[in-house]
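Trainee: This structure is in structure tokens; I'll ask about it shortly.
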Amino acid sequence: MLAVDVKNIKKTFTSKQDTVEAVKDVSFQVEQGEIFGLLGPNGAGKSTTILMLTTLLSITKGSASILGIDVETQDKQVREKIGVALQDTGIDPILTGRELFFTTCRLWGYSKADSEKRTNELLELVGLTDAGERRVKTYSGGMKRRLDLGLSLVHSPEILFLDEPTTGLDPGSRRVLWDEIKRLRDSGVTIILTTQYLEEADELADRIAIIDEGLVVAEGTSDELKAGIGGDVITLSFTTTEDLEKAHKIFPDAVQEKDELRITVADGATKIPGYIKQLNSDGIEVSAVSASKPTLDDVFLEVTGYRLEGTEEPVEEKPEPSRRRGR
Amino acid sequence: METKRSFAVQLQILTKRLVLRFMRRPLAELPNIFISAFFLFVYDGALGGVFGGSAQGTPLDFANGNFVNFILPVSIVSASLSGGASGIYLVEDIESGVFKRYQSMPISKWAIILSPMLIGALRVLVQAGLIMVIGKFIGADPAVGTVGFFVVLSIAFLWGMGFAGYSVAAGVRSGSSQGAQAASFLFFPALFLAPTFVPREALRGWLATASAYNPTTYVIEAMRAVMVEGWVIDVIAKGYIAAGAFAFITLSFAVISVGKATEKA
């Protein structure tokens, strides 16, 4: 049975002023025991998708099920199966970590004795045993995220939804959380996480769906997505803007990014001498050239037309997202 | 092992969480207690000499010689406004995302909403109780005996729940805890367009008319009957009805407001 089955879901918010299509058409399937990453920039529709799947938002159109249970019509049953750590779910700062775990355990139906036991287990699991008696307001950002993760695990959910679990964390805290997420996957928990960090998706996700403007524009394993680009990436740099523009006319399929042109071709290293020769013959001076295997960053650029990090500067006019399936 | 929690148990667990919060912010209780106690001391100090023991045998003797008994209900009504914290607690939970966390769990939305209201009730009991202790200390002595304190407390409780419902509705509709707090401006007309310092018969003109339509009037009069006159059943019943109706209306309003604000978009 699929852990998560999402079929053409759509979310429209309507107000008196306007109508916003936050999610236009999203479909994906998640197998049990895998980490599935939803990668995309802010406003792409990742969090809205998660809110629909966790029963906190209604689905405007389409359908979704969790372990075969319909999200719209059987929301209470779905909530029993899932753990949720959202970007904006709160933690009561006046309580201690131990009190929060204990209260959450009691709400999930554990007896007082079992709640004590489970609280100790979870404090240990997320590395907060020593801080358990401290009020949450004294915790660092990383500690709060780990507490949040722990709270979502109280009832040992089969499926865990993590919405940007490491946003705002320092690299050390991020690494600690990644290790915990991997450990959970290894223990059989299915994890659906959203992220805007390419490195995080590459490191954690068994499969990735790239979401842009409310649409899934590519899906597959990291390797499949990279292979889907169809070769190596040759990067050419120029000393003058004029040379850059001339070169772009010679290679119209190349993607311009700042003062560089990026050309995706098979066997990139063997093509470089010919490219240089062609450019030189037209009087264009190349200041640097390199060939590399594509990264997830390149995949994102290829399918959306802009880079995920530093999205405030679109590379070129943004093309209509094309669909790419890695499997 | 996990078992399904009943609504009552969910409510108890969620309320206990807020009790911890309440106990860890004791300073938040001080301003309202201070104002209520201040009213008691200042009004007794300023007017007790005129309407107290020295007025016995004169037309001004509406306090039966004990002005503390007469003015204590005003301070109790003031203390019962502490129920207004309910809205602040609830909106804080919505603003901070705690409410959303609980919504993602298979627990009753109404348990999440009712728990801050119960905390409002607890605050009313604690604050009104403290004011009564102060009143007793400076000479309050109910005409119906010690049981009078409990009657007054029960009316205060109902009245406080009315303010709890009002603040929850105001907070949710304004969308901020400041909104819930600001809504307490209603307190001043409610308290002072009433027979606050003298019996209703002594009021005149527009104030007499306004006080007749102000439910606070009947709440204060019921408490005063218990403190000053004795078991004047019809007056006491009117107080319960006024406080109960106020609580019913505002709590219904709160339930509708919260229901709308938290339904799935």
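Please note that chains go A, B, ... in the order of the structure tokens, that every chain numbers its residues from 1, and that ligands are numbered from 1 in the order shown.
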Can you list every residue of chain A that has an atom at most 8 Å from chain B, with its nearest atom pair and the distance in Å to one decimal, using only C-alpha atoms, ordered by chain then number, as a Markdown table?

Mentor:
| residue | atom | partner | partner_atom | distance |
| --- | --- | --- | --- | --- |
| A:Phe13 | CA | B:Ala265 | CA | 7.8 |
| A:Thr54 | CA | B:Ser104 | CA | 6.9 |
| A:Thr55 | CA | B:Ser104 | CA | 7.2 |
| A:Leu56 | CA | B:Lys264 | CA | 6.3 |
| A:Leu57 | CA | B:Lys264 | CA | 5.2 |
| A:Ser58 | CA | B:Lys264 | CA | 6.0 |
| A:Lys76 | CA | B:Pro106 | CA | 5.6 |
| A:Gln77 | CA | B:Pro106 | CA | 7.8 |
| A:Arg79 | CA | B:Met105 | CA | 5.6 |
| A:Glu80 | CA | B:Pro106 | CA | 6.3 |
| A:Val84 | CA | B:Ser104 | CA | 7.0 |
| A:Asp88 | CA | B:Gly97 | CA | 5.6 |
| A:Thr89 | CA | B:Gly97 | CA | 4.3 |
| A:Gly90 | CA | B:Gly97 | CA | 4.0 |
| A:Ile91 | CA | B:Val98 | CA | 5.8 |
| A:Asp92 | CA | B:Val98 | CA | 6.7 |
| A:Ile94 | CA | B:Arg21 | CA | 6.1 |
| A:Leu95 | CA | B:Arg21 | CA | 7.1 |
| A:Thr103 | CA | B:Ile13 | CA | 6.8 |
| A:Arg106 | CA | B:Ile13 | CA | 7.2 |
| A:Leu107 | CA | B:Gln10 | CA | 6.2 |
| A:Trp108 | CA | B:Glu2 | CA | 6.5 |
| A:Gly109 | CA | B:Glu2 | CA | 4.5 |
| A:Tyr110 | CA | B:Glu2 | CA | 4.6 |
| A:Ser111 | CA | B:Met1 | CA | 6.8 |
| A:Asp114 | CA | B:Met1 | CA | 6.6 |
| A:His155 | CA | B:Glu2 | CA | 7.9 |

Trainee: Which neighbours of A:Val23 fall inside 8 Å, counting only C-alpha atoms, when residues of the same chain fewer than 4 positions from it are skipped, and could you give them as an MDAnalysis selection string?

Mentor: chainID A and resid 9:12 44:45 48:49 213:215

Trainee: From stretch 50-298 of chain A, collect each residue whose DSSP state is strand (DSSP E or B) and return the set as a compact mmCIF listing (two decimals) with all heavy atoms, in the first residue's frame.

Mentor:
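Written out: selection.txt:
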# COMPACT_ATOMS: atom_id res chain seq x y z
N LYS A 61 -9.75 20.70 -5.15
CA LYS A 61 -10.05 19.75 -6.22
C LYS A 61 -9.00 18.64 -6.16
O LYS A 61 -7.87 18.87 -5.74
CB LYS A 61 -9.97 20.47 -7.58
CG LYS A 61 -10.83 19.88 -8.65
CD LYS A 61 -10.80 20.80 -9.87
CE LYS A 61 -11.56 20.15 -11.02
NZ LYS A 61 -11.43 20.93 -12.24
N GLY A 62 -9.36 17.44 -6.62
CA GLY A 62 -8.43 16.32 -6.59
C GLY A 62 -8.63 15.50 -5.33
O GLY A 62 -9.57 15.75 -4.56
N SER A 63 -7.75 14.54 -5.13
CA SER A 63 -7.91 13.68 -3.94
C SER A 63 -6.55 13.27 -3.41
O SER A 63 -5.54 13.31 -4.12
CB SER A 63 -8.73 12.45 -4.30
OG SER A 63 -8.01 11.66 -5.23
N ALA A 64 -6.54 12.90 -2.14
CA ALA A 64 -5.30 12.44 -1.51
C ALA A 64 -5.65 11.43 -0.45
O ALA A 64 -6.68 11.54 0.22
CB ALA A 64 -4.55 13.62 -0.89
N SER A 65 -4.78 10.43 -0.32
CA SER A 65 -5.00 9.45 0.75
C SER A 65 -3.70 9.15 1.45
O SER A 65 -2.62 9.26 0.88
CB SER A 65 -5.62 8.17 0.17
OG SER A 65 -4.71 7.58 -0.74
N ILE A 66 -3.84 8.82 2.73
CA ILE A 66 -2.70 8.46 3.55
C ILE A 66 -2.94 7.01 3.98
O ILE A 66 -3.95 6.73 4.64
CB ILE A 66 -2.62 9.34 4.82
CG1 ILE A 66 -2.56 10.83 4.47
CG2 ILE A 66 -1.47 8.92 5.72
CD1 ILE A 66 -1.29 11.34 3.90
N ILE A 69 -6.31 5.95 3.42
CA ILE A 69 -7.41 6.65 4.10
C ILE A 69 -7.58 8.02 3.45
O ILE A 69 -6.60 8.78 3.34
CB ILE A 69 -7.12 6.81 5.60
CG1 ILE A 69 -6.79 5.45 6.23
CG2 ILE A 69 -8.31 7.45 6.33
CD1 ILE A 69 -6.19 5.54 7.62
N ASP A 70 -8.79 8.33 3.06
CA ASP A 70 -9.03 9.58 2.36
C ASP A 70 -8.84 10.80 3.29
O ASP A 70 -9.41 10.84 4.39
CB ASP A 70 -10.45 9.60 1.78
CG ASP A 70 -10.66 10.80 0.88
OD1 ASP A 70 -10.23 10.74 -0.28
OD2 ASP A 70 -11.22 11.82 1.36
N ILE A 82 -0.55 10.11 11.38
CA ILE A 82 0.52 11.02 10.97
C ILE A 82 1.09 11.82 12.14
O ILE A 82 0.42 12.06 13.14
CB ILE A 82 0.04 12.02 9.88
CG1 ILE A 82 -1.10 12.90 10.42
CG2 ILE A 82 -0.40 11.27 8.64
CD1 ILE A 82 -1.52 14.03 9.49
N GLY A 83 2.34 12.21 11.97
CA GLY A 83 2.97 13.17 12.87
C GLY A 83 3.23 14.42 12.06
O GLY A 83 3.54 14.33 10.86
N VAL A 84 3.11 15.57 12.69
CA VAL A 84 3.20 16.82 11.94
C VAL A 84 4.12 17.81 12.66
O VAL A 84 3.92 18.10 13.84
CB VAL A 84 1.80 17.46 11.79
CG1 VAL A 84 1.89 18.74 10.98
CG2 VAL A 84 0.82 16.50 11.14
N ALA A 85 5.10 18.32 11.95
CA ALA A 85 5.91 19.43 12.48
C ALA A 85 5.93 20.50 11.40
O ALA A 85 6.68 20.39 10.42
CB ALA A 85 7.32 18.95 12.81
N THR A 96 8.09 23.52 30.32
CA THR A 96 9.39 22.88 30.11
C THR A 96 9.24 21.83 29.01
O THR A 96 8.13 21.41 28.68
CB THR A 96 9.87 22.18 31.39
OG1 THR A 96 8.99 21.08 31.67
CG2 THR A 96 9.90 23.13 32.58
N ARG A 135 12.52 25.64 30.81
CA ARG A 135 11.41 26.16 30.02
C ARG A 135 11.84 26.34 28.56
O ARG A 135 13.00 26.70 28.29
CB ARG A 135 10.94 27.51 30.58
CG ARG A 135 10.30 27.33 31.95
CD ARG A 135 9.63 28.57 32.43
NE ARG A 135 9.30 28.42 33.84
CZ ARG A 135 8.74 29.36 34.58
NH1 ARG A 135 8.43 30.51 34.04
NH2 ARG A 135 8.46 29.15 35.85
N ILE A 159 3.66 7.89 9.41
CA ILE A 159 4.06 8.88 8.40
C ILE A 159 4.30 10.22 9.09
O ILE A 159 3.49 10.66 9.91
CB ILE A 159 2.96 9.03 7.33
CG1 ILE A 159 2.79 7.68 6.64
CG2 ILE A 159 3.30 10.11 6.32
CD1 ILE A 159 1.62 7.61 5.71
N LEU A 160 5.41 10.83 8.73
CA LEU A 160 5.79 12.09 9.37
C LEU A 160 5.89 13.20 8.32
O LEU A 160 6.55 13.03 7.30
CB LEU A 160 7.15 11.88 10.04
CG LEU A 160 7.70 12.97 10.93
CD1 LEU A 160 6.77 13.27 12.09
CD2 LEU A 160 9.06 12.54 11.48
N PHE A 161 5.23 14.31 8.60
CA PHE A 161 5.30 15.47 7.71
C PHE A 161 6.18 16.54 8.36
O PHE A 161 5.88 16.97 9.48
CB PHE A 161 3.91 16.04 7.45
CG PHE A 161 3.06 15.19 6.56
CD1 PHE A 161 2.23 14.21 7.10
CD2 PHE A 161 3.09 15.34 5.18
CE1 PHE A 161 1.46 13.41 6.29
CE2 PHE A 161 2.32 14.54 4.36
CZ PHE A 161 1.49 13.57 4.91
N LEU A 162 7.22 16.94 7.68
CA LEU A 162 8.12 17.97 8.22
C LEU A 162 8.17 19.13 7.22
O LEU A 162 8.60 18.95 6.08
CB LEU A 162 9.53 17.40 8.41
CG LEU A 162 9.65 16.15 9.30
CD1 LEU A 162 11.08 15.63 9.28
CD2 LEU A 162 9.24 16.48 10.73
N ASP A 163 7.70 20.26 7.65
CA ASP A 163 7.66 21.42 6.76
C ASP A 163 8.87 22.31 7.05
O ASP A 163 8.94 22.95 8.09
CB ASP A 163 6.35 22.19 6.99
CG ASP A 163 6.12 23.26 5.94
OD1 ASP A 163 6.83 23.24 4.92
OD2 ASP A 163 5.23 24.10 6.14
N THR A 190 7.84 6.71 7.31
CA THR A 190 7.80 7.39 6.01
C THR A 190 7.84 8.89 6.29
O THR A 190 7.11 9.37 7.16
CB THR A 190 6.49 7.06 5.27
OG1 THR A 190 6.37 5.65 5.19
CG2 THR A 190 6.46 7.68 3.89
N ILE A 191 8.68 9.60 5.57
CA ILE A 191 8.83 11.04 5.85
C ILE A 191 8.60 11.86 4.58
O ILE A 191 9.17 11.57 3.53
CB ILE A 191 10.22 11.33 6.44
CG1 ILE A 191 10.37 10.60 7.79
CG2 ILE A 191 10.43 12.84 6.64
CD1 ILE A 191 11.78 10.53 8.30
N ILE A 192 7.74 12.83 4.72
CA ILE A 192 7.52 13.78 3.63
C ILE A 192 8.01 15.12 4.14
O ILE A 192 7.50 15.63 5.16
CB ILE A 192 6.03 13.88 3.23
CG1 ILE A 192 5.55 12.56 2.61
CG2 ILE A 192 5.80 14.99 2.21
CD1 ILE A 192 4.93 11.64 3.57
N LEU A 193 9.03 15.64 3.51
CA LEU A 193 9.55 16.91 4.00
C LEU A 193 9.60 17.94 2.89
O LEU A 193 9.79 17.60 1.72
CB LEU A 193 10.92 16.75 4.66
CG LEU A 193 12.14 16.35 3.86
CD1 LEU A 193 12.81 17.57 3.26
CD2 LEU A 193 13.14 15.65 4.76
N THR A 194 9.36 19.17 3.28
CA THR A 194 9.52 20.25 2.31
C THR A 194 10.83 20.95 2.62
O THR A 194 11.27 20.98 3.77
CB THR A 194 8.39 21.29 2.40
OG1 THR A 194 8.55 22.03 3.61
CG2 THR A 194 7.03 20.63 2.37
N THR A 195 11.44 21.45 1.60
CA THR A 195 12.68 22.20 1.83
C THR A 195 12.92 23.17 0.68
O THR A 195 12.41 22.98 -0.42
CB THR A 195 13.89 21.24 1.98
OG1 THR A 195 15.06 22.01 2.27
CG2 THR A 195 14.13 20.43 0.70
N ARG A 207 13.47 10.33 -2.88
CA ARG A 207 12.92 10.86 -4.12
C ARG A 207 12.52 12.32 -3.89
O ARG A 207 12.20 12.72 -2.76
CB ARG A 207 11.72 10.04 -4.59
CG ARG A 207 12.16 8.69 -5.18
CD ARG A 207 11.05 7.96 -5.91
NE ARG A 207 9.90 7.81 -5.07
CZ ARG A 207 8.72 8.35 -5.35
NH1 ARG A 207 8.55 9.11 -6.43
NH2 ARG A 207 7.69 8.16 -4.55
N ILE A 208 12.53 13.05 -4.97
CA ILE A 208 12.29 14.50 -4.86
C ILE A 208 11.24 14.91 -5.89
O ILE A 208 11.26 14.44 -7.03
CB ILE A 208 13.60 15.28 -5.18
CG1 ILE A 208 14.69 14.93 -4.16
CG2 ILE A 208 13.35 16.80 -5.18
CD1 ILE A 208 16.09 15.31 -4.62
N ALA A 209 10.33 15.78 -5.46
CA ALA A 209 9.45 16.45 -6.43
C ALA A 209 9.79 17.93 -6.37
O ALA A 209 9.80 18.52 -5.29
CB ALA A 209 7.99 16.22 -6.08
N ILE A 210 10.09 18.50 -7.52
CA ILE A 210 10.36 19.94 -7.56
C ILE A 210 9.03 20.64 -7.83
O ILE A 210 8.35 20.31 -8.81
CB ILE A 210 11.41 20.29 -8.63
CG1 ILE A 210 12.76 19.64 -8.28
CG2 ILE A 210 11.56 21.81 -8.77
CD1 ILE A 210 13.85 19.85 -9.32
N ILE A 211 8.68 21.55 -6.93
CA ILE A 211 7.43 22.28 -7.08
C ILE A 211 7.73 23.73 -7.42
O ILE A 211 8.58 24.36 -6.78
CB ILE A 211 6.60 22.22 -5.78
CG1 ILE A 211 6.14 20.78 -5.52
CG2 ILE A 211 5.39 23.13 -5.86
CD1 ILE A 211 5.03 20.67 -4.50
N ASP A 212 7.05 24.23 -8.42
CA ASP A 212 7.20 25.64 -8.79
C ASP A 212 5.84 26.19 -9.22
O ASP A 212 5.15 25.56 -10.03
CB ASP A 212 8.21 25.76 -9.94
CG ASP A 212 8.55 27.21 -10.23
OD1 ASP A 212 8.67 27.99 -9.27
OD2 ASP A 212 8.71 27.55 -11.42
N LEU A 215 2.91 23.77 -9.20
CA LEU A 215 2.94 22.59 -10.08
C LEU A 215 4.16 21.74 -9.77
O LEU A 215 5.22 22.27 -9.44
CB LEU A 215 3.02 23.02 -11.54
CG LEU A 215 1.83 23.75 -12.15
CD1 LEU A 215 2.24 24.37 -13.48
CD2 LEU A 215 0.68 22.78 -12.36
N VAL A 216 4.02 20.42 -9.92
CA VAL A 216 5.20 19.55 -9.84
C VAL A 216 5.86 19.59 -11.20
O VAL A 216 5.26 19.17 -12.20
CB VAL A 216 4.79 18.10 -9.48
CG1 VAL A 216 6.01 17.18 -9.55
CG2 VAL A 216 4.19 18.05 -8.08
N VAL A 217 7.07 20.12 -11.28
CA VAL A 217 7.72 20.28 -12.59
C VAL A 217 8.76 19.19 -12.86
O VAL A 217 9.24 19.05 -13.99
CB VAL A 217 8.36 21.69 -12.75
CG1 VAL A 217 7.28 22.74 -12.82
CG2 VAL A 217 9.33 21.97 -11.62
N ALA A 218 9.13 18.45 -11.85
CA ALA A 218 10.04 17.32 -12.04
C ALA A 218 9.93 16.40 -10.84
O ALA A 218 9.64 16.86 -9.74
CB ALA A 218 11.48 17.80 -12.19
N GLU A 219 10.16 15.12 -11.08
CA GLU A 219 10.08 14.18 -9.96
C GLU A 219 11.00 13.00 -10.22
O GLU A 219 11.11 12.54 -11.35
CB GLU A 219 8.64 13.69 -9.80
CG GLU A 219 8.46 12.83 -8.57
CD GLU A 219 7.13 12.08 -8.58
OE1 GLU A 219 6.16 12.61 -9.13
OE2 GLU A 219 7.10 10.97 -8.03
N GLY A 220 11.65 12.52 -9.20
CA GLY A 220 12.50 11.35 -9.34
C GLY A 220 13.54 11.31 -8.24
O GLY A 220 13.52 12.15 -7.33
N ASP A 232 26.70 16.77 -19.45
CA ASP A 232 27.49 17.58 -18.52
C ASP A 232 27.16 19.05 -18.71
O ASP A 232 26.59 19.43 -19.74
CB ASP A 232 28.98 17.36 -18.81
CG ASP A 232 29.37 15.89 -18.69
OD1 ASP A 232 28.80 15.20 -17.81
OD2 ASP A 232 30.21 15.44 -19.48
N VAL A 233 27.57 19.81 -17.74
CA VAL A 233 27.33 21.25 -17.84
C VAL A 233 28.67 21.95 -18.11
O VAL A 233 29.61 21.83 -17.33
CB VAL A 233 26.72 21.80 -16.53
CG1 VAL A 233 26.55 23.31 -16.61
CG2 VAL A 233 25.39 21.12 -16.24
N ILE A 234 28.74 22.62 -19.26
CA ILE A 234 29.94 23.40 -19.58
C ILE A 234 29.64 24.85 -19.22
O ILE A 234 28.61 25.41 -19.63
CB ILE A 234 30.29 23.32 -21.09
CG1 ILE A 234 30.65 21.87 -21.45
CG2 ILE A 234 31.41 24.27 -21.44
CD1 ILE A 234 30.88 21.67 -22.94
N THR A 235 30.54 25.41 -18.43
CA THR A 235 30.35 26.80 -18.02
C THR A 235 31.42 27.67 -18.68
O THR A 235 32.62 27.38 -18.55
CB THR A 235 30.44 26.93 -16.49
OG1 THR A 235 29.52 26.01 -15.92
CG2 THR A 235 30.12 28.33 -16.01
N LEU A 236 30.98 28.68 -19.39
CA LEU A 236 31.92 29.59 -20.08
C LEU A 236 31.82 30.98 -19.47
O LEU A 236 30.71 31.50 -19.27
CB LEU A 236 31.55 29.68 -21.57
CG LEU A 236 31.64 28.39 -22.40
CD1 LEU A 236 30.81 28.53 -23.66
CD2 LEU A 236 33.09 28.09 -22.73
N SER A 237 32.97 31.57 -19.18
CA SER A 237 33.00 32.94 -18.66
C SER A 237 33.69 33.84 -19.69
O SER A 237 34.57 33.38 -20.43
CB SER A 237 33.76 33.01 -17.35
OG SER A 237 33.18 32.14 -16.42
N PHE A 238 33.31 35.11 -19.69
CA PHE A 238 33.85 36.05 -20.69
C PHE A 238 34.36 37.32 -20.01
O PHE A 238 33.90 37.67 -18.92
CB PHE A 238 32.76 36.41 -21.70
CG PHE A 238 32.17 35.20 -22.37
CD1 PHE A 238 31.07 34.54 -21.82
CD2 PHE A 238 32.74 34.68 -23.52
CE1 PHE A 238 30.55 33.41 -22.41
CE2 PHE A 238 32.21 33.55 -24.12
CZ PHE A 238 31.12 32.91 -23.57
N VAL A 255 22.14 28.68 -21.27
CA VAL A 255 21.46 29.48 -20.24
C VAL A 255 22.43 30.51 -19.73
O VAL A 255 23.56 30.18 -19.34
CB VAL A 255 20.98 28.57 -19.08
CG1 VAL A 255 20.39 29.42 -17.95
CG2 VAL A 255 19.96 27.56 -19.57
N GLN A 256 22.02 31.78 -19.78
CA GLN A 256 22.90 32.84 -19.29
C GLN A 256 22.64 33.08 -17.81
O GLN A 256 21.49 33.21 -17.37
CB GLN A 256 22.64 34.13 -20.07
CG GLN A 256 23.60 35.24 -19.68
CD GLN A 256 23.26 36.55 -20.39
OE1 GLN A 256 22.76 36.54 -21.50
NE2 GLN A 256 23.53 37.65 -19.72
N GLU A 257 23.73 33.12 -17.08
CA GLU A 257 23.59 33.42 -15.65
C GLU A 257 24.72 34.38 -15.27
O GLU A 257 25.89 34.03 -15.31
CB GLU A 257 23.69 32.15 -14.81
CG GLU A 257 23.36 32.41 -13.37
CD GLU A 257 23.46 31.14 -12.55
OE1 GLU A 257 23.95 30.14 -13.07
OE2 GLU A 257 23.08 31.18 -11.38
N GLU A 260 28.08 34.41 -17.14
CA GLU A 260 28.45 33.07 -17.60
C GLU A 260 27.37 32.51 -18.52
O GLU A 260 26.21 32.88 -18.44
CB GLU A 260 28.60 32.12 -16.41
CG GLU A 260 29.79 32.41 -15.53
CD GLU A 260 29.84 31.46 -14.33
OE1 GLU A 260 28.83 30.76 -14.05
OE2 GLU A 260 30.89 31.44 -13.69
N LEU A 261 27.84 31.60 -19.39
CA LEU A 261 26.89 30.82 -20.19
C LEU A 261 27.04 29.36 -19.77
O LEU A 261 28.15 28.86 -19.60
CB LEU A 261 27.21 30.94 -21.68
CG LEU A 261 26.78 32.19 -22.42
CD1 LEU A 261 27.10 32.02 -23.92
CD2 LEU A 261 25.29 32.46 -22.26
N ARG A 262 25.89 28.70 -19.62
CA ARG A 262 25.93 27.28 -19.22
C ARG A 262 25.28 26.47 -20.33
O ARG A 262 24.13 26.70 -20.70
CB ARG A 262 25.21 27.08 -17.90
CG ARG A 262 25.86 27.87 -16.77
CD ARG A 262 24.97 27.89 -15.55
NE ARG A 262 24.92 26.59 -14.90
CZ ARG A 262 25.80 26.17 -14.03
NH1 ARG A 262 26.81 26.96 -13.68
NH2 ARG A 262 25.71 24.99 -13.48
N ILE A 263 26.09 25.52 -20.83
CA ILE A 263 25.59 24.69 -21.95
C ILE A 263 25.56 23.24 -21.46
O ILE A 263 26.54 22.73 -20.91
CB ILE A 263 26.54 24.78 -23.17
CG1 ILE A 263 26.76 26.26 -23.55
CG2 ILE A 263 25.98 23.99 -24.35
CD1 ILE A 263 27.93 26.48 -24.49
N THR A 264 24.43 22.60 -21.63
CA THR A 264 24.32 21.20 -21.21
C THR A 264 24.47 20.31 -22.44
O THR A 264 23.68 20.41 -23.39
CB THR A 264 22.95 20.95 -20.55
OG1 THR A 264 22.80 21.88 -19.48
CG2 THR A 264 22.85 19.55 -20.01
N VAL A 265 25.50 19.47 -22.42
CA VAL A 265 25.76 18.58 -23.56
C VAL A 265 26.28 17.23 -23.07
O VAL A 265 26.81 17.12 -21.96
CB VAL A 265 26.83 19.16 -24.52
CG1 VAL A 265 26.30 20.32 -25.31
CG2 VAL A 265 28.08 19.54 -23.75
N VAL A 286 37.34 33.96 -24.34
CA VAL A 286 36.78 33.21 -23.20
C VAL A 286 37.77 33.32 -22.04
O VAL A 286 38.94 33.01 -22.18
CB VAL A 286 36.58 31.72 -23.58
CG1 VAL A 286 36.09 30.92 -22.39
CG2 VAL A 286 35.62 31.60 -24.75
N SER A 287 37.29 33.79 -20.90
CA SER A 287 38.22 33.97 -19.77
C SER A 287 38.33 32.71 -18.91
O SER A 287 39.34 32.50 -18.25
CB SER A 287 37.77 35.14 -18.89
OG SER A 287 36.49 34.89 -18.35
N ALA A 288 37.30 31.88 -18.89
CA ALA A 288 37.37 30.64 -18.11
C ALA A 288 36.37 29.65 -18.67
O ALA A 288 35.34 30.04 -19.21
CB ALA A 288 37.07 30.90 -16.64
N VAL A 289 36.73 28.36 -18.53
CA VAL A 289 35.80 27.34 -19.00
C VAL A 289 35.91 26.11 -18.07
O VAL A 289 36.98 25.82 -17.56
CB VAL A 289 36.11 26.95 -20.47
CG1 VAL A 289 37.51 26.36 -20.62
CG2 VAL A 289 35.07 25.97 -20.99
N SER A 290 34.79 25.47 -17.84
CA SER A 290 34.83 24.26 -17.01
C SER A 290 33.71 23.33 -17.44
O SER A 290 32.71 23.77 -18.03
CB SER A 290 34.68 24.61 -15.53
OG SER A 290 33.39 25.12 -15.30
N ALA A 291 33.90 22.06 -17.16
CA ALA A 291 32.82 21.08 -17.42
C ALA A 291 32.57 20.33 -16.12
O ALA A 291 33.51 20.00 -15.39
CB ALA A 291 33.23 20.11 -18.51
N SER A 292 31.32 20.12 -15.79
CA SER A 292 31.03 19.41 -14.54
C SER A 292 29.79 18.55 -14.71
O SER A 292 28.98 18.77 -15.62
CB SER A 292 30.82 20.41 -13.41
OG SER A 292 29.75 21.27 -13.72

Trainee: I'd like to know which of A:His248, A:Gly142, A:Ser152, A:Met52 is closest to A:Asp75, using only C-alpha atoms.

Mentor: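 Residue with the minimum atom-to-atom distance to A:Asp75: A:Met52.
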
Trainee: To one decimal place in Å, what is the distance between atom CA of A:Ile229 and atom CA of A:Asp297?

Mentor: 11.2 Å

Trainee: In Å to one decimal, how far is atom CA of B:Phe163 from atom CA of B:Leu81?

Mentor: 6.1 Å

Trainee: Where in stretch 22-227 of chain B does DSSP assign alpha helix (DSSP H), given as number ranges by chain?

Mentor: B: 22-24, 30-51, 67-80, 85-96, 98-103, 109-137, 147-174, 177-182, 187-192, 205-213, 215-224

Trainee: Set the distance at 12 Å and use only C-alpha atoms: which residues neighbour B:Val50 once local chain neighbours fewer than 2 positions away are removed? I'd like the list as a PyMOL selection string.

Mentor: chain B and resi 43-48+52-56+58-63+65-67+197-198

Trainee: State, in Å with one decimal place, the distance from atom CA of A:Gly141 to atom CA of A:Thr104.

Mentor: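 Distance reported for this atom pair: 20.4 Å.
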
Trainee: Pick out the residues sitting within 10 Å of A:Arg145, and hand them over as number ranges by chain; count only C-alpha atoms, and ignore anything fewer than 6 positions along from it in its own chain.

Mentor: A: 85, 87, 91, 126, 139, 151, 165-167, 169, 173-174, 177

Trainee: Excluding same-chain residues fewer than 5 positions from B:Glu201, what lies within 12 Å of it counting only C-alpha atoms, as a VMD selection string?

Mentor: chain B and resid 59 to 60 62 194 to 196 207 to 209 211 to 212 217 221

Trainee: Give me the residues near stretch 178-180 of chain B as a list in words, where near means some atom within 10 Å (using only C-alpha atoms) and where sequence neighbours in that chain fewer than 6 positions away do not count.

Mentor: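 Here the qualifying residues turn out to be Gly84, Ala85, Ser86, Gly87, Ile88, Tyr89, Leu90, Val91, Glu92, Ala164, Tyr166, Ser167, Val168, Ala169, Ala170, Gly171 and Val172 of chain B.
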
Trainee: Using only C-alpha atoms, which residue out of A:Phe300, A:Phe28, A:Phe101, A:Phe36 lies closest to A:Gly132?

Mentor: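 The shortest atom-to-atom distance to A:Gly132 comes from A:Phe101.
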